[in-house]
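Here's upload.cif, which has mmCIF, C-alpha atoms:
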```cif
data_coords
loop_
_atom_site.label_atom_id
_atom_site.label_comp_id
_atom_site.auth_asym_id
_atom_site.auth_seq_id
_atom_site.Cartn_x
_atom_site.Cartn_y
_atom_site.Cartn_z
CA MET A 14 -7.24 21.36 -8.92
CA ILE A 15 -7.96 17.76 -8.05
CA LEU A 16 -5.16 15.22 -8.38
CA GLU A 17 -5.93 11.79 -9.73
CA ASN A 18 -4.82 8.53 -8.17
CA PRO A 19 -2.10 7.01 -10.41
CA VAL A 20 -3.81 3.62 -10.08
CA ASN A 21 -6.99 4.89 -11.72
CA GLN A 22 -5.63 4.68 -15.25
CA PHE A 23 -5.31 0.90 -14.82
CA LEU A 24 -8.81 0.34 -13.45
CA ARG A 25 -12.22 0.09 -15.05
CA GLN A 26 -13.87 2.88 -13.07
CA ASP A 27 -17.37 1.81 -14.11
CA ARG A 28 -16.90 -1.50 -12.29
CA LEU A 29 -15.77 0.03 -9.00
CA PRO A 30 -16.28 -0.17 -6.05
CA HIS A 31 -15.04 -3.74 -6.08
CA ILE A 32 -16.57 -6.66 -4.17
CA TRP A 33 -13.58 -7.34 -1.89
CA CYS A 34 -14.29 -7.13 1.82
CA PRO A 35 -12.90 -4.39 4.09
CA GLY A 36 -9.44 -5.57 5.18
CA CYS A 37 -8.92 -7.89 2.21
CA GLY A 38 -5.40 -7.78 0.79
CA ILE A 39 -6.20 -8.34 -2.87
CA GLY A 40 -6.63 -4.63 -3.63
CA THR A 41 -3.19 -3.99 -2.13
CA THR A 42 -1.62 -6.51 -4.50
CA VAL A 43 -3.40 -4.80 -7.41
CA ASN A 44 -1.72 -1.52 -6.39
CA CYS A 45 1.67 -3.25 -6.47
CA PHE A 46 0.93 -4.79 -9.86
CA THR A 47 -0.05 -1.43 -11.36
CA ARG A 48 3.05 0.14 -9.81
CA ALA A 49 5.20 -2.52 -11.45
CA LEU A 50 3.54 -1.93 -14.83
CA LEU A 51 4.05 1.81 -14.46
CA GLU A 52 7.72 1.56 -13.47
CA SER A 53 8.68 -1.09 -16.00
CA GLU A 54 7.14 1.08 -18.75
CA THR A 55 5.60 -1.98 -20.34
CA ASP A 56 3.54 -1.40 -23.47
CA LEU A 57 0.04 -1.85 -22.04
CA ASN A 58 -1.32 -2.93 -25.42
CA LYS A 59 0.86 -6.01 -25.13
CA VAL A 60 -0.10 -6.98 -21.57
CA MET A 61 -2.79 -9.59 -21.06
CA ILE A 62 -4.18 -10.49 -17.68
CA VAL A 63 -5.94 -13.81 -17.18
CA SER A 64 -7.84 -14.87 -14.08
CA GLY A 65 -9.68 -17.96 -13.06
CA ILE A 66 -12.58 -18.01 -10.61
CA GLY A 67 -12.57 -16.72 -7.06
CA CYS A 68 -12.12 -13.48 -5.20
CA THR A 69 -8.72 -12.94 -6.82
CA GLY A 70 -10.26 -13.99 -10.13
CA ARG A 71 -12.13 -10.70 -10.10
CA VAL A 72 -8.86 -8.80 -10.67
CA ALA A 73 -9.02 -9.36 -14.43
CA GLY A 74 -12.46 -7.78 -14.50
CA TYR A 75 -11.31 -4.64 -12.71
CA MET A 76 -8.11 -4.06 -14.68
CA ASN A 77 -8.32 -1.79 -17.70
CA LEU A 78 -6.08 -4.07 -19.76
CA ASP A 79 -6.91 -6.86 -22.19
CA SER A 80 -8.30 -9.16 -19.55
CA PHE A 81 -9.86 -12.59 -19.54
CA HIS A 82 -11.97 -14.20 -16.83
CA THR A 83 -11.75 -17.91 -17.51
CA THR A 84 -13.28 -21.05 -16.02
CA HIS A 85 -12.17 -22.36 -12.65
CA GLY A 86 -8.54 -23.46 -12.60
CA ARG A 87 -8.06 -22.96 -16.34
CA ALA A 88 -6.33 -19.58 -16.29
CA ILE A 89 -2.89 -21.11 -16.95
CA PRO A 90 -3.89 -23.24 -20.00
CA PHE A 91 -5.74 -20.21 -21.38
CA ALA A 92 -2.65 -18.06 -20.87
CA THR A 93 -0.44 -20.76 -22.41
CA GLY A 94 -2.60 -20.74 -25.54
CA MET A 95 -2.43 -16.96 -25.80
CA LYS A 96 1.32 -16.86 -25.34
CA LEU A 97 1.91 -19.55 -27.97
CA ALA A 98 -0.52 -18.00 -30.45
CA ASN A 99 1.07 -14.56 -30.11
CA PRO A 100 4.55 -14.76 -28.56
CA ASP A 101 4.88 -10.95 -28.49
CA LEU A 102 2.41 -10.68 -25.63
CA LYS A 103 3.24 -10.42 -21.94
CA VAL A 104 0.76 -12.73 -20.30
CA VAL A 105 0.03 -12.45 -16.59
CA VAL A 106 -2.07 -14.99 -14.71
CA TYR A 107 -3.57 -13.39 -11.61
CA SER A 108 -5.49 -15.83 -9.50
CA GLY A 109 -5.97 -17.31 -6.07
CA ASP A 110 -4.54 -20.31 -4.27
CA GLY A 111 -7.69 -22.40 -4.80
CA ASP A 112 -7.71 -21.67 -8.50
CA ILE A 113 -3.99 -22.20 -9.14
CA SER A 114 -2.97 -24.88 -6.67
CA ALA A 115 -6.15 -26.95 -6.31
CA ILE A 116 -8.31 -27.02 -9.39
CA GLY A 117 -5.57 -25.81 -11.71
CA GLY A 118 -2.75 -27.57 -9.85
CA ASN A 119 -1.90 -29.87 -12.73
CA HIS A 120 -1.81 -27.00 -15.22
CA PHE A 121 0.45 -25.11 -12.87
CA ILE A 122 3.12 -27.81 -12.60
CA HIS A 123 3.07 -28.53 -16.33
CA ALA A 124 3.33 -24.88 -17.35
CA ALA A 125 6.34 -24.63 -14.99
CA ARG A 126 7.81 -27.86 -16.39
CA ARG A 127 7.45 -26.63 -19.98
CA ASN A 128 8.74 -23.20 -18.98
CA ILE A 129 6.00 -21.28 -20.75
CA GLU A 130 6.80 -17.57 -20.68
CA ILE A 131 4.05 -16.40 -18.37
CA LEU A 132 3.99 -14.67 -15.00
CA VAL A 133 1.76 -16.31 -12.42
CA ILE A 134 0.75 -14.16 -9.44
CA CYS A 135 -1.00 -16.29 -6.86
CA VAL A 136 -2.76 -14.40 -4.08
CA ASP A 137 -2.75 -16.93 -1.27
CA ASN A 138 -5.32 -16.36 1.47
CA PHE A 139 -5.43 -20.03 2.56
CA THR A 140 -9.13 -20.46 1.84
CA TYR A 141 -11.79 -20.37 -0.86
CA GLY A 142 -13.12 -16.89 -0.17
CA MET A 143 -15.90 -16.63 -2.72
CA THR A 144 -17.60 -19.96 -2.04
CA GLY A 145 -17.72 -19.84 1.75
CA GLY A 146 -14.32 -20.64 3.23
CA GLN A 147 -13.63 -24.26 2.30
CA VAL A 148 -10.22 -25.84 2.90
CA THR A 149 -7.64 -25.33 0.13
CA PRO A 150 -4.36 -27.15 -0.54
CA THR A 151 -2.52 -24.30 1.18
CA SER A 152 -4.62 -24.17 4.40
CA HIS A 153 -2.43 -24.70 7.43
CA ILE A 154 -2.59 -27.72 9.69
CA GLY A 155 -4.94 -26.89 12.55
CA ALA A 156 -6.76 -24.09 10.71
CA ILE A 157 -10.55 -24.09 10.91
CA ASN A 158 -12.44 -23.83 7.63
CA SER A 159 -16.08 -24.48 6.77
CA THR A 160 -15.20 -28.00 5.59
CA THR A 161 -12.77 -28.64 8.48
CA PRO A 162 -14.70 -27.47 11.56
CA TYR A 163 -12.35 -29.41 13.90
CA GLY A 164 -9.24 -28.09 12.18
CA ASN A 165 -7.38 -29.09 9.05
CA PHE A 166 -5.15 -32.18 9.23
CA GLU A 167 -3.92 -32.31 5.62
CA GLN A 168 -0.33 -31.38 4.81
CA PRO A 169 -0.45 -28.06 2.91
CA PHE A 170 1.38 -27.29 -0.31
CA ASN A 171 4.55 -25.24 -0.12
CA LEU A 172 3.89 -23.36 -3.35
CA PRO A 173 7.40 -21.88 -3.92
CA PHE A 174 8.87 -25.38 -3.50
CA LEU A 175 6.31 -26.82 -5.91
CA ALA A 176 7.10 -24.14 -8.51
CA ASP A 177 10.86 -24.48 -7.98
CA SER A 178 10.91 -28.26 -8.29
CA SER A 179 8.64 -28.13 -11.34
CA GLY A 180 11.16 -25.88 -13.09
CA ALA A 181 10.03 -22.26 -12.72
CA VAL A 182 12.79 -19.75 -13.50
CA TYR A 183 11.64 -17.08 -11.05
CA VAL A 184 10.05 -17.84 -7.70
CA ALA A 185 9.30 -15.27 -5.00
CA ARG A 186 6.99 -14.94 -2.05
CA TRP A 187 5.81 -11.73 -0.39
CA THR A 188 2.91 -10.77 1.80
CA ALA A 189 0.41 -7.96 1.36
CA PHE A 190 2.51 -6.04 3.90
CA HIS A 191 5.63 -6.02 1.65
CA VAL A 192 4.25 -3.62 -0.96
CA HIS A 193 7.51 -2.14 -2.28
CA GLN A 194 9.25 -5.51 -2.44
CA LEU A 195 6.25 -7.05 -4.18
CA ALA A 196 6.11 -4.28 -6.79
CA ARG A 197 9.84 -4.70 -7.43
CA SER A 198 9.45 -8.45 -7.69
CA ILE A 199 6.61 -8.19 -10.21
CA LYS A 200 8.69 -5.73 -12.22
CA GLU A 201 11.63 -8.17 -12.29
CA ALA A 202 9.41 -11.12 -13.13
CA LEU A 203 7.82 -9.23 -16.04
CA GLN A 204 11.28 -9.06 -17.64
CA LYS A 205 12.04 -12.77 -17.14
CA LYS A 206 11.94 -15.14 -20.08
CA GLY A 207 10.23 -18.20 -18.69
CA PHE A 208 7.73 -19.33 -16.11
CA SER A 209 7.75 -16.87 -13.20
CA PHE A 210 5.80 -17.44 -10.04
CA ILE A 211 5.06 -14.98 -7.24
CA GLU A 212 3.06 -16.04 -4.21
CA VAL A 213 1.46 -13.17 -2.30
CA ILE A 214 0.09 -13.95 1.12
CA ALA A 215 -2.99 -11.84 1.80
CA PRO A 216 -5.53 -11.64 4.63
CA CYS A 217 -9.09 -12.96 4.24
CA PRO A 218 -10.84 -11.22 7.16
CA THR A 219 -14.37 -12.43 6.50
CA LEU A 220 -13.75 -16.18 6.39
CA TYR A 221 -10.26 -17.35 7.29
CA LEU A 222 -9.43 -14.83 10.00
CA ARG A 223 -12.90 -14.75 11.53
CA ARG A 224 -13.21 -18.56 11.74
CA ASN A 225 -9.74 -18.88 13.23
CA ARG A 226 -10.24 -15.92 15.59
CA LEU A 227 -7.21 -14.14 14.18
CA GLY A 228 -8.78 -10.70 14.27
CA ASP A 229 -9.28 -8.31 11.39
CA GLY A 230 -7.33 -7.59 8.22
CA ILE A 231 -5.18 -5.06 10.02
CA ASP A 232 -4.27 -7.60 12.75
CA GLU A 233 -3.14 -10.03 10.08
CA MET A 234 -1.07 -7.31 8.42
CA LYS A 235 0.61 -6.59 11.78
CA TYR A 236 1.29 -10.33 12.10
CA TYR A 237 2.95 -10.29 8.67
CA LYS A 238 5.07 -7.37 9.81
CA GLU A 239 6.17 -9.15 12.99
CA LYS A 240 6.51 -12.74 11.85
CA SER A 241 7.86 -12.47 8.31
CA VAL A 242 11.56 -12.97 7.71
CA VAL A 243 13.21 -11.90 4.46
CA LYS A 244 15.53 -14.66 3.23
CA ASN A 245 16.47 -14.12 -0.39
CA ASN A 246 17.80 -17.22 -2.15
CA ALA A 247 16.54 -19.43 0.68
CA ASP A 248 16.13 -23.12 -0.11
CA THR A 249 12.47 -23.43 -1.09
CA LYS A 250 12.30 -26.73 0.79
CA ASP A 251 12.49 -24.77 4.05
CA VAL A 252 9.90 -22.08 3.36
CA GLY A 253 6.72 -23.93 4.33
CA ILE A 254 4.27 -21.97 6.48
CA SER A 255 2.61 -23.21 9.64
CA PHE A 256 -0.44 -21.87 11.44
CA LYS A 257 0.55 -18.63 13.23
CA GLY A 258 4.16 -19.47 12.43
CA GLU A 259 7.01 -17.63 10.80
CA ILE A 260 6.60 -16.62 7.16
CA VAL A 261 9.77 -16.75 5.08
CA VAL A 262 9.54 -14.21 2.26
CA GLY A 263 11.92 -13.15 -0.46
CA LYS A 264 13.12 -13.98 -3.92
CA PHE A 265 13.99 -17.67 -3.79
CA VAL A 266 14.81 -18.62 -7.37
CA ASP A 267 16.15 -16.57 -10.29
CA ARG A 268 17.75 -18.71 -12.98
CA GLU A 269 17.89 -19.16 -16.73
CA ARG A 270 16.46 -22.13 -18.61
CA PRO A 271 15.38 -22.45 -22.26
CA SER A 272 11.72 -21.54 -22.59
CA PHE A 273 9.13 -23.71 -24.34
CA LEU A 274 9.41 -21.87 -27.66
CA GLU A 275 13.21 -21.76 -27.55
CA SER A 276 13.42 -25.50 -26.89
CA MET A 277 10.88 -26.19 -29.61
CA ASN A 278 12.76 -24.14 -32.18
CA VAL A 279 16.13 -25.71 -31.31
CA HIS A 280 14.69 -29.20 -31.44
CA TYR A 281 12.81 -28.83 -34.74
CA LYS A 282 15.75 -27.03 -36.31
CA LYS A 283 17.88 -30.05 -35.45
CA VAL A 284 15.36 -32.62 -36.65
CA LEU A 285 13.90 -30.88 -39.70
CA GLY A 286 16.89 -28.80 -40.77
CA ASP A 287 16.51 -25.70 -42.93
CA SER A 288 12.93 -26.50 -43.93
CA TYR A 289 11.85 -25.45 -40.42
CA LYS A 290 11.02 -21.79 -39.94
CA THR A 291 11.63 -20.60 -36.36
CA TYR A 292 8.49 -19.49 -34.59
CA GLY A 293 8.05 -16.57 -32.27
CA GLU A 294 11.56 -15.14 -31.95
CA MET B 26 -12.01 21.05 0.78
CA GLU B 27 -9.58 23.83 1.27
CA THR B 28 -6.27 24.87 -0.19
CA LEU B 29 -3.55 25.57 2.32
CA GLU B 30 -0.28 27.37 2.04
CA THR B 31 2.59 24.88 1.85
CA LYS B 32 5.14 25.46 4.58
CA THR B 33 6.83 22.39 5.92
CA ALA B 34 4.94 19.55 4.22
CA LYS B 35 6.88 17.65 1.59
CA GLY B 36 3.84 15.81 0.36
CA ILE B 37 0.15 16.09 -0.30
CA VAL B 38 -2.24 13.33 0.75
CA VAL B 39 -5.58 13.07 -1.03
CA ILE B 40 -8.47 11.04 0.40
CA TYR B 41 -11.69 10.01 -1.31
CA PRO B 42 -13.91 9.15 1.68
CA GLU B 43 -16.71 7.58 -0.36
CA LYS B 44 -14.37 4.90 -1.72
CA CYS B 45 -13.07 3.94 1.73
CA LYS B 46 -14.07 0.74 3.53
CA GLY B 47 -12.32 1.60 6.79
CA CYS B 48 -9.71 -1.18 6.88
CA GLY B 49 -7.17 1.12 8.55
CA PHE B 50 -4.10 -0.06 6.58
CA CYS B 51 -3.12 3.52 5.67
CA ILE B 52 -3.49 4.75 9.25
CA GLU B 53 -1.48 1.88 10.73
CA PHE B 54 1.39 1.91 8.25
CA CYS B 55 1.83 5.63 7.53
CA PRO B 56 5.51 6.19 8.44
CA SER B 57 4.85 9.83 9.42
CA HIS B 58 1.63 9.11 11.38
CA VAL B 59 -0.28 11.66 9.36
CA LEU B 60 -3.63 9.86 9.38
CA ASP B 61 -6.33 8.95 11.88
CA PHE B 62 -9.91 7.66 11.67
CA SER B 63 -12.58 10.29 11.12
CA LYS B 64 -15.35 10.83 13.64
CA GLU B 65 -17.88 10.96 10.81
CA PHE B 66 -19.11 8.04 8.74
CA ASN B 67 -19.17 7.90 4.96
CA SER B 68 -22.38 6.87 3.21
CA LYS B 69 -21.46 3.17 3.51
CA GLY B 70 -21.04 3.56 7.28
CA TYR B 71 -17.25 3.37 7.54
CA HIS B 72 -14.89 5.71 9.34
CA TYR B 73 -12.52 7.02 6.67
CA PRO B 74 -9.00 8.38 7.26
CA VAL B 75 -8.42 12.08 7.84
CA ASP B 76 -5.09 13.90 7.80
CA ILE B 77 -4.41 15.07 11.32
CA ALA B 78 -0.78 16.08 10.78
CA THR B 79 -0.80 17.44 7.24
CA ASP B 80 2.57 19.13 7.61
CA ASP B 81 4.29 15.83 8.41
CA CYS B 82 3.30 14.17 5.14
CA SER B 83 6.35 13.17 3.12
CA GLY B 84 4.33 12.21 0.06
CA CYS B 85 5.79 8.70 -0.01
CA ASP B 86 2.50 7.22 -1.30
CA LEU B 87 2.77 4.21 0.99
CA CYS B 88 -0.90 4.81 1.88
CA GLY B 89 -1.70 4.65 -1.82
CA LEU B 90 0.17 1.37 -2.19
CA TYR B 91 -1.60 -0.19 0.80
CA CYS B 92 -5.13 1.04 0.15
CA PRO B 93 -7.15 -1.93 -1.18
CA ASP B 94 -9.95 0.40 -2.26
CA PHE B 95 -7.85 2.98 -4.15
CA ALA B 96 -9.29 5.67 -1.87
CA ILE B 97 -6.10 7.45 -0.78
CA PHE B 98 -2.77 8.41 -2.31
CA GLY B 99 0.18 10.63 -1.60
CA ASN B 100 2.14 12.95 -3.87
CA ARG B 101 5.60 14.40 -3.42
CA ILE B 102 5.44 18.16 -3.80
CA LYS B 103 8.75 18.31 -5.68
CA ASP B 104 7.35 15.82 -8.25
CA LEU B 105 4.23 17.94 -8.70
CA VAL B 106 6.32 21.10 -9.07
CA ALA B 107 8.50 19.33 -11.63
CA LYS B 108 5.33 18.59 -13.61
CA GLY B 109 4.48 22.29 -13.56
CA ILE B 110 1.49 21.99 -11.22
CA ASP B 111 0.63 25.03 -9.09
CA ILE B 112 0.73 23.60 -5.55
CA SER B 113 -1.43 26.33 -4.03
CA GLN B 114 -4.31 25.30 -6.29
CA VAL B 115 -4.16 21.58 -5.44
CA LYS B 116 -7.00 20.24 -3.29
CA ARG B 117 -5.61 18.25 -0.40
CA GLY B 118 -6.91 16.15 2.45
CA VAL B 119 -10.42 14.75 2.43
CA LEU B 120 -12.28 15.44 -0.81
CA LYS B 121 -16.04 15.51 -0.44
#
```
Step by step, read the file and then write its structure as structure tokens.
Amino acid sequence: MILENPVNQFLRQDRLPHIWCPGCGIGTTVNCFTRALLESETDLNKVMIVSGIGCTGRVAGYMNLDSFHTTHGRAIPFATGMKLANPDLKVVVYSGDGDISAIGGNHFIHAARRNIEILVICVDNFTYGMTGGQVTPTSHIGAINSTTPYGNFEQPFNLPFLADSSGAVYVARWTAFHVHQLARSIKEALQKKGFSFIEVIAPCPTLYLRRNRLGDGIDEMKYYKEKSVVKNNADTKDVGISFKGEIVVGKFVDRERPSFLESMNVHYKKVLGDSYKTYGE
Amino acid sequence: METLETKTAKGIVVIYPEKCKGCGFCIEFCPSHVLDFSKEFNSKGYHYPVDIATDDCSGCDLCGLYCPDFAIFGNRIKDLVAKGIDISQVKRGVLK
């Protein structure tokens, strides 16, 4: 008798093997996501996964769920539209740091501000993997990328701080090393009513690690093991990452705030009175 | 591909060598140090993991959580027994 991998039921087997490089952490985050779906016993017919463009953008194509591969940076507006059109759905945006924080940066802060009920999982590998290793808004100061051959000098984004200050109700950061914690975090965030954001730091062995002479995927995973510090409820202001520096991980924000649809219903009920029919509750 | 008598092992690790890209995450992070790189290559030219200490496997499935290529996973024997699966018939180790 041959046992089957529990992940297989969530994957489109005809599209595998995937294109991710040996040592890439994206596949590990997919395992954690499927584990969270399995343990939370979510109705898979109600789960949508939306990706933008990039290495992480391929996740939607490999998942055997209702999945959408959208244009670059536009995963969050696409997800917003789906959530508002059918509020019963659980919408997950699964994309990379270039897609979410650079090209879709504006969508990201406004979805957090409006508190749209979506879960955003951002796999942060500090570079544009698919297009050849250009600098992203999360690349560290001093890091070498194809567009910064003498090292990056731009101040990087601290994504948990950005999400927190824009109004997200759930903000966490883990690395590809923290598989159990990440799966638990995704499970918690799936239950949250509001904009949830999870940053997952993952190795990019082919471009980021090779250019910066940081070794292979496994060396980066060992670095995560050594240099990451779990600080739950840490002030997101203090969780910025520096090149080869300490990585603060944990669940930083878990709060309640009226979601977009709740605020809309309350407001229109007040203004229009009984003639307004509440939507999506 | 052989079926072994279960004596001390609490878990069963299953490896699909053709899916493996040799990143070594499972070998490095296995808490029971069950795995090591194979001497052989798979058809893509990577050294895949092999179970060198089968009896030490706890079936925690940490290898399965780490594997970016979905090529390996662990099973707890008590979970399989609870599902009514005959352990002696289960293929374990490297499946070719």
Next on the checklist: Could you work out which residues of chain A fall inside 7 Å of chain B? Count only C-alpha atoms, and format the result as a ChimeraX atom specification.
Outcome noted: /A:14-15,18,30,35-36,38-41,44-45,192,230-231
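With only the atoms specified (all atoms listed in the file) counting, those residues at most 7 Å away from (8.7, -23.9, -12.3) are Ile122, Ala125, Arg126, Asn128, Ala176, Asp177, Ser178, Ser179, Gly180, Ala181, Val182 and Phe208 of chain A.
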Checklist entry - Of the residues A:Asn138, A:Thr160, A:Ser255, A:Thr149, which is the one nearest to Leu222 of chain A, using all atoms listed in the file? => result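 When distances to Leu222 of chain A are compared using all atoms listed in the file, the smallest one comes from A:Asn138.
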Next on the checklist: Could you tell me, as a ChimeraX atom specification, exactly which residues end up selected when the PyMOL selection byres ((chain A and resi 194-200) around 10) is applied to this structure?
Outcome noted: /A:42-55,132-134,183-193,201-205,209-213,262-264 /B:90
Checklist entry - What is the atom CA of His82 of chain A-atom CA of Val106 of chain A distance in Å, reported with one decimal? => result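 Atom CA of Val106 of chain A lies 10.2 Å from atom CA of His82 of chain A.
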Checklist entry - Rounded to one decimal in Å, what is the spacing between atom CA of Cys82 of chain B and atom CA of Glu233 of chain A? => result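 Between atom CA of Cys82 of chain B and atom CA of Glu233 of chain A the gap is 25.5 Å.
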Item to check | For segment 110-119 of chain A: contacts at 6 Å, only C-alpha atoms, fewer than 4 positions along chain excluded, given as a VMD selection string | outcome: chain A and resid 86 to 87 135 137 149
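Taking all atoms listed in the file into account, those protein, DNA and RNA residues with any atom at most 9 Å away from (2.4, -26.8, -0.7) amount to A:Ser114, A:Pro150, A:Thr151, A:Gln168, A:Pro169, A:Phe170, A:Asn171, A:Leu172, A:Pro173, A:Phe174, A:Leu175, A:Gly253, A:Ile254.
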Checklist entry - Using the chain letters and numbers from the file, which residues does the PyMOL selection byres ((chain B and resi 72-77) around 6) grab, as a ChimeraX atom specification? => result /B:42,45,47,59-63,66,71,78-79
Item to check | Residue IDs satisfying the PyMOL selection byres ((chain A and resi 219) around 10), as JSON, numbers by chain | outcome: {"A": [33, 34, 35, 36, 37, 142, 145, 146, 216, 217, 218, 220, 221, 222, 223, 224, 228, 229, 230]}
Return the padded bounding box of segment 196-206 of chain A as JSON: axis-aligned, built from all atoms listed in the file, 6 Å added on each side, with centre and edge lengths in Å to one decimal.
```
{"center_x": 9.1, "center_y": -9.7, "center_z": -13.4, "size_x": 17.9, "size_y": 22.9, "size_z": 25.3}
```
